[in-house]
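Chemist: Pasting a structure below so you can have a look.
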Amino acid sequence: MNTRERILEGAQNGLLDAEIPADPSFVPALLYNDYHRGEKVFCSLEDELRHCDSFCFSTAFITLTGLEPLKPVLRELQRRRVPGKILTTNYLSFTQPEALDFLAQFETIDVRMFQCSEIEGFHTKGYLFFRNDELRLITGSSNLTASALFTSREWNTRLVAAGAGSYAREVLTQFDSLWKHMDSLPWQAVRQEYCIRYDLARKQRATALENPVFNPEQYALQPNSMQTHFIRNLKRLMEHRQQRALLVSATGTGKTLAAAFAVREFEPRTVLFLVHREQIARKALDSFRMVLGNSRTCGLLGGGLRQTGADCVFSTVQTLSRPAVLDSFSADRFDWIIVDEVHRAAAATYQRIFRHFHPRFLLGMSATPARTDGQSIFELFDYNVAADIGLRQALEEDLLCPFHYFALSGLEVSDTALEDETGFSLLTSDERVRHILEQASYYGWSGDRVMGLMFVSTKAEARRLSEKLNARGLRTLALSGEDSQEAREKAIERLTGNDGPAALDYLITVDIFNEGVDIPEVNQVLLLRPTQSAIVFTQQLGRGLRKSPGKEFVVVLDFIGLYKNNYLIPAALGECQTGNKDRLRRFVAQGTRELPGASTVYFDEVARRRIFASIDQAKMNSAKALREGFTLLMDRLGHVPALTDYDPNHAMDPLLIFSNSAYPSYPDFLWKMLDRDQRKHLPVLTETQLQFLRFVSTQWADGRRPLELLLVKALLEPDW
């Protein structure tokens, strides 16, 4: 079928009768942003760019936030020598000069800026793509900005036309007239003057924001959506006389402030706030003072200070667990005890403190409350979860900074691919260092300068990589668990402070900064180690997700090798604990559509193949994997899960159980998962009943043949 026939069928389907068969890519479509339906304007724009032979854009506003997720496809177009024309405007001095500088670096892209007069505007938003004899257009309301491409309420139309059609001719004529207009000038010709105008306009906007109309209520700090939800549920638990609760919320969503708001709401007389690092204790103290004002006194226990008479005492576990310190407090000294990073609570130091004190209320907080050695964190808090906010919900509610995750291949040294963990000994070769620097520079960061974290596998790698990078003009420092807390704090100050002689571009870390550290300014994260744990991956990603003034997004570069656990990457990013391989593959293929907000994920072709191979090879139904999934759900529920508990709790896919020949039915599975005492509570089944369950579970449960599910329904509901 030729292009003309496809266009005709597409037009008939879109404009006359949706039942008329047509190629979906030729049907006129409304483009809008609604991630719940997998709809984002960006995805259509990216797809058209990826398949075009040339392109022309005319858009009023262009920002770095709009260009960042397009960087992979723009690089590919450069490689293919695909020509492009991009026309923007000086209207309202909104377009960012840095964005046009980035576009202008491509030899194949011509960038121009239309000079508007004081009385005329420039509001065009048109994207033209040429492919064979087709002209494909996206026109409507979306500029090249993150909000327009991902989150704002936008209406755009995608059309396909033949070059000989009147509509196509009119669009091309209009674009050509603007492009060749005497007021349309090359970017480099107007850059200096526009930068002056842009800086002036930015300062004026900043001044306007700094001097709002006075509102007394603005000085009373208010909780965000997560914190409000948490306090509401906490109140409900207290009304039912519960004395313990757990707050589970993604890194960067404001758990410490949530605790402070709870103290302000419920007014306990005395509070103990426990952390595992002195730096976190100091920051928590500052947060409480900000929320509570002068209504409570706050003091620090540790770091040479012993301010134990305060209403709210902030201490590290290491300090308080010392017998001489712990014994100086009476068991009822604190009405409330709040424990940060409570997934560590199985440690002996925590247990010693828990045994000593008898508070009226115990609150635990964690982003990853996974089972620790022999202890269920959920059990410790009587299975009372006051809030459970994952990465997806946190992004949806705009609690985190948007991220752009790029999974990149290219772990090659002298044309040899690094195919397993041992290959990371070559991480610090000159070729690898050059490759890392090229990628970090191209994908960039948000802000005036990079403030980055690099995660590597060993201390030797960290030191050697730091030496290599410093020799190339960067300012880096290697840190590990061997460095003192004081050294770490000074390093963070150098990373996030002013750009002076002592400033750092990167901290290269081993086994630290996965958790328990607050560096909101981090705007680039480089993952230079194999992924062994979805939890650790999420923790390292989370280092860049805190919001910070001047940071509009964080760039995450993950250098993917051939590792058996690569499937954990889409599992973590997509919050997919089900073990469903199809869902993991779908996220790799179209994860950006599924993520709320302006965050994106990108897997280059080689990285994509490697992750697909890892998914294919992963044994999601191994005895070990099934036990882990079962235990995780039982810990969360506080009882033996029924089959109907898995799906609503987004837990392991229970069909994986029956795909393992060792567990032909759920009773068979439970018999092997539970100990002798727990088995006593299982229902007693006859051999006939058990055989029937085994048949239904292994033959019908997956629903591949709809008729068999109807038979199950008929058996369960005889009157159906």
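Every chain in the structure tokens takes a letter, A first, then B, and so on in the order presented; its residues are numbered from 1, and the ligands are numbered from 1 following the presented order.
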Per residue of segment 506-593 of chain A within 12 Å of segment 131-155 of chain A, note the shortest atom pair and the distance in Å to one decimal, counting only C-alpha atoms, and order the rows by chain and increasing residue number, as a tab-separated table.

Modeler:
residue	atom	partner	partner_atom	distance
A:Glu552	CA	A:Ala146	CA	9.7
A:Phe553	CA	A:Ala146	CA	9.9
A:Thr592	CA	A:Phe150	CA	9.6
A:Arg593	CA	A:Phe150	CA	9.3

Chemist: Out of segment 100-301 of chain A, which residues get alpha helix (DSSP H) from DSSP, as a PyMOL selection string?

Modeler: chain A and resi 100-104+146+166-179+187-210+225-239+255-266+278-292

Chemist: Mind writing the picked residues with C-alpha atoms as a PDB file, in the first residue's frame?

Modeler:
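The resulting file, out.pdb, is reproduced below:
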ATOM      1  CA  LEU A 100      20.079  27.160  22.033  1.00  0.00           C
ATOM      2  CA  ASP A 101      23.805  26.801  22.688  1.00  0.00           C
ATOM      3  CA  PHE A 102      23.262  23.076  23.092  1.00  0.00           C
ATOM      4  CA  LEU A 103      21.324  22.795  19.820  1.00  0.00           C
ATOM      5  CA  ALA A 104      23.828  24.926  17.942  1.00  0.00           C
ATOM      6  CA  ALA A 146       9.260  19.890  30.155  1.00  0.00           C
ATOM      7  CA  SER A 166      -2.734  22.159  -0.086  1.00  0.00           C
ATOM      8  CA  TYR A 167      -2.420  21.854   3.710  1.00  0.00           C
ATOM      9  CA  ALA A 168       1.165  20.647   3.468  1.00  0.00           C
ATOM     10  CA  ARG A 169       2.007  23.383   0.988  1.00  0.00           C
ATOM     11  CA  GLU A 170       0.511  26.065   3.239  1.00  0.00           C
ATOM     12  CA  VAL A 171       2.399  24.835   6.306  1.00  0.00           C
ATOM     13  CA  LEU A 172       5.683  24.708   4.382  1.00  0.00           C
ATOM     14  CA  THR A 173       5.033  28.147   2.928  1.00  0.00           C
ATOM     15  CA  GLN A 174       4.384  29.614   6.362  1.00  0.00           C
ATOM     16  CA  PHE A 175       7.474  28.033   7.855  1.00  0.00           C
ATOM     17  CA  ASP A 176       9.586  29.126   4.899  1.00  0.00           C
ATOM     18  CA  SER A 177       8.325  32.717   5.188  1.00  0.00           C
ATOM     19  CA  LEU A 178       9.251  32.853   8.878  1.00  0.00           C
ATOM     20  CA  TRP A 179      12.603  31.149   8.350  1.00  0.00           C
ATOM     21  CA  TRP A 187      21.472  32.286  16.790  1.00  0.00           C
ATOM     22  CA  GLN A 188      25.142  33.224  16.930  1.00  0.00           C
ATOM     23  CA  ALA A 189      24.354  36.608  15.357  1.00  0.00           C
ATOM     24  CA  VAL A 190      21.931  37.578  18.128  1.00  0.00           C
ATOM     25  CA  ARG A 191      23.318  35.556  21.021  1.00  0.00           C
ATOM     26  CA  GLN A 192      25.207  38.316  22.829  1.00  0.00           C
ATOM     27  CA  GLU A 193      22.342  40.813  22.745  1.00  0.00           C
ATOM     28  CA  TYR A 194      19.733  38.201  23.689  1.00  0.00           C
ATOM     29  CA  CYS A 195      21.749  36.921  26.644  1.00  0.00           C
ATOM     30  CA  ILE A 196      21.746  40.453  28.087  1.00  0.00           C
ATOM     31  CA  ARG A 197      17.966  40.698  27.636  1.00  0.00           C
ATOM     32  CA  TYR A 198      17.456  37.225  29.070  1.00  0.00           C
ATOM     33  CA  ASP A 199      19.536  37.898  32.197  1.00  0.00           C
ATOM     34  CA  LEU A 200      17.677  41.158  32.799  1.00  0.00           C
ATOM     35  CA  ALA A 201      14.285  39.465  32.409  1.00  0.00           C
ATOM     36  CA  ARG A 202      15.331  36.629  34.710  1.00  0.00           C
ATOM     37  CA  LYS A 203      16.415  39.082  37.410  1.00  0.00           C
ATOM     38  CA  GLN A 204      13.129  40.960  37.081  1.00  0.00           C
ATOM     39  CA  ARG A 205      11.150  37.740  37.478  1.00  0.00           C
ATOM     40  CA  ALA A 206      13.254  36.757  40.492  1.00  0.00           C
ATOM     41  CA  THR A 207      12.705  40.174  42.083  1.00  0.00           C
ATOM     42  CA  ALA A 208       8.965  39.873  41.587  1.00  0.00           C
ATOM     43  CA  LEU A 209       8.978  36.503  43.329  1.00  0.00           C
ATOM     44  CA  GLU A 210      11.043  37.838  46.221  1.00  0.00           C
ATOM     45  CA  SER A 225       0.497  15.935  50.474  1.00  0.00           C
ATOM     46  CA  MET A 226       2.463  12.955  51.820  1.00  0.00           C
ATOM     47  CA  GLN A 227       2.851  14.553  55.235  1.00  0.00           C
ATOM     48  CA  THR A 228      -0.835  15.470  55.404  1.00  0.00           C
ATOM     49  CA  HIS A 229      -1.824  11.908  54.497  1.00  0.00           C
ATOM     50  CA  PHE A 230       0.590  10.547  57.110  1.00  0.00           C
ATOM     51  CA  ILE A 231      -0.722  12.754  59.921  1.00  0.00           C
ATOM     52  CA  ARG A 232      -4.323  11.906  59.069  1.00  0.00           C
ATOM     53  CA  ASN A 233      -3.601   8.169  59.257  1.00  0.00           C
ATOM     54  CA  LEU A 234      -1.522   8.617  62.400  1.00  0.00           C
ATOM     55  CA  LYS A 235      -4.471  10.295  64.068  1.00  0.00           C
ATOM     56  CA  ARG A 236      -6.698   7.374  63.104  1.00  0.00           C
ATOM     57  CA  LEU A 237      -4.211   4.880  64.591  1.00  0.00           C
ATOM     58  CA  MET A 238      -4.011   6.828  67.824  1.00  0.00           C
ATOM     59  CA  GLU A 239      -7.775   6.958  68.077  1.00  0.00           C
ATOM     60  CA  LYS A 255      10.005  12.106  56.249  1.00  0.00           C
ATOM     61  CA  THR A 256      11.852  14.194  58.846  1.00  0.00           C
ATOM     62  CA  LEU A 257       9.538  17.156  58.297  1.00  0.00           C
ATOM     63  CA  ALA A 258       6.585  14.750  58.462  1.00  0.00           C
ATOM     64  CA  ALA A 259       7.760  13.688  61.930  1.00  0.00           C
ATOM     65  CA  ALA A 260       8.127  17.337  62.961  1.00  0.00           C
ATOM     66  CA  PHE A 261       4.615  18.141  61.731  1.00  0.00           C
ATOM     67  CA  ALA A 262       3.314  15.146  63.695  1.00  0.00           C
ATOM     68  CA  VAL A 263       4.977  16.475  66.854  1.00  0.00           C
ATOM     69  CA  ARG A 264       3.414  19.878  66.187  1.00  0.00           C
ATOM     70  CA  GLU A 265       0.009  18.238  65.668  1.00  0.00           C
ATOM     71  CA  PHE A 266      -0.044  15.812  68.619  1.00  0.00           C
ATOM     72  CA  GLU A 278      25.571  12.874  63.469  1.00  0.00           C
ATOM     73  CA  GLN A 279      25.144  14.966  60.311  1.00  0.00           C
ATOM     74  CA  ILE A 280      21.561  13.702  59.952  1.00  0.00           C
ATOM     75  CA  ALA A 281      20.867  14.441  63.625  1.00  0.00           C
ATOM     76  CA  ARG A 282      21.924  18.055  63.150  1.00  0.00           C
ATOM     77  CA  LYS A 283      19.789  18.492  60.047  1.00  0.00           C
ATOM     78  CA  ALA A 284      16.807  16.862  61.740  1.00  0.00           C
ATOM     79  CA  LEU A 285      17.195  19.263  64.652  1.00  0.00           C
ATOM     80  CA  ASP A 286      17.149  22.208  62.233  1.00  0.00           C
ATOM     81  CA  SER A 287      13.997  20.837  60.559  1.00  0.00           C
ATOM     82  CA  PHE A 288      12.206  20.519  63.891  1.00  0.00           C
ATOM     83  CA  ARG A 289      13.159  24.062  64.883  1.00  0.00           C
ATOM     84  CA  MET A 290      11.821  25.316  61.552  1.00  0.00           C
ATOM     85  CA  VAL A 291       8.451  23.602  62.124  1.00  0.00           C
ATOM     86  CA  LEU A 292       8.070  23.986  65.903  1.00  0.00           C
TER      87      LEU A 292
END

Chemist: Please compute the atom CA of Cys298 of chain A-atom CA of Leu274 of chain A distance, one decimal, in Å.

Modeler: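 Between these atoms lies a distance of 13.3 Å.
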
Chemist: Find the residue from A:Met652, A:Cys43, A:Ala348, A:Met365 that sits nearest to Ala589 of chain A; use only C-alpha atoms when measuring.

Modeler: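 When distances to Ala589 of chain A are compared using only C-alpha atoms, the smallest one comes from A:Cys43.
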
Chemist: Using atom CA of Gly84 of chain A and atom CA of Arg434 of chain A as the two end points, give the distance in Å to one decimal.

Modeler: 28.8 Å

Chemist: Which is closest to Asp311 of chain A among A:Pro641, A:Gly629, A:Pro268, A:Gly126, if we use only C-alpha atoms?

Modeler: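 Answer, going by the shortest atom-to-atom distance: A:Pro268.
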
Chemist: Using only C-alpha atoms, which protein or nucleic acid residues come within 7 Å of segment 313-317 of chain A? Drop anything in the same chain fewer than 4 positions from it, and give the result as a PyMOL selection string.

Modeler: chain A and resi 271-278+281+285+298-302+308+321+349-350

Chemist: For segment 486-501 of chain A, work out the shell of residues within 12 Å, counting only C-alpha atoms and skipping chain neighbours fewer than 3 positions away, then give it as an MDAnalysis selection string.

Modeler: chainID A and resid 277:280 282 303 447:453 474:483 504:509 512:513 517:524 548

Chemist: Pull the strand (DSSP E) assignments for segment 265-486 of chain A out of DSSP run on the backbone, and list those residues as a PyMOL selection string.

Modeler: chain A and resi 271-275+298-302+305-306+312-316+336-339+361-366+385-389+403-408+412-413+416-417+452-455+476-479

Chemist: Between atom CA of Tyr32 of chain A and atom CA of Leu128 of chain A, what distance in Å does the model show, to one decimal?

Modeler: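 So the answer is 17.6 Å.
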
Chemist: For Leu557 of chain A, work out the shell of residues within 9 Å, counting only C-alpha atoms and skipping chain neighbours fewer than 6 positions away, then give it as an NGL selection string.

Modeler: :A and (404-408 or 439-440 or 443 or 524-528)

Chemist: So that I can see what lies close to Asp635 of chain A, please list as a list of chain:residue names the residues with an atom at most 10 Å from it, counting only C-alpha atoms and leaving out residues fewer than 5 positions away in the same chain.

Modeler: A:Ala370, A:Arg371, A:Gln375, A:Ser376, A:Ile377, A:Phe378, A:Glu379, A:Tyr383, A:Phe630, A:Val640, A:Pro641

Chemist: Contacts of Thr88 of chain A at 7 Å or less, counting only C-alpha atoms, minus same-chain residues fewer than 4 places along, as a CSV table (one decimal) with C-alpha atoms, in the first residue's frame?

Modeler:
chain,number,residue,atom,x,y,z
A,58,SER,CA,8.9,26.5,14.9
A,59,THR,CA,8.3,27.0,18.6
A,60,ALA,CA,8.1,30.0,20.8
A,61,PHE,CA,9.9,28.7,23.9
A,112,ARG,CA,17.5,30.8,14.3
A,113,MET,CA,15.8,33.3,16.5
A,114,PHE,CA,12.9,35.5,15.3

Chemist: Could you check which of A:Arg472, A:Phe26, A:Leu643, A:Ser409 is closest to Ala607 of chain A, using only C-alpha atoms?

Modeler: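 Closest residue, counting only C-alpha atoms: A:Ser409.
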
Chemist: With distances taken over only C-alpha atoms, which residue among A:Gly561, A:Gly597, A:Gly304, A:Gly638 lies nearest Ile611 of chain A?

Modeler: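 Of all the options, A:Gly561 lies closest to Ile611 of chain A.
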
Chemist: Select, from A:Ser295, A:Asn649, A:Ser665, A:Ser328, the residue with the minimum atom-to-atom distance to Gln699 of chain A, counting only C-alpha atoms.

Modeler: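 Answer, going by the shortest atom-to-atom distance: A:Ser665.
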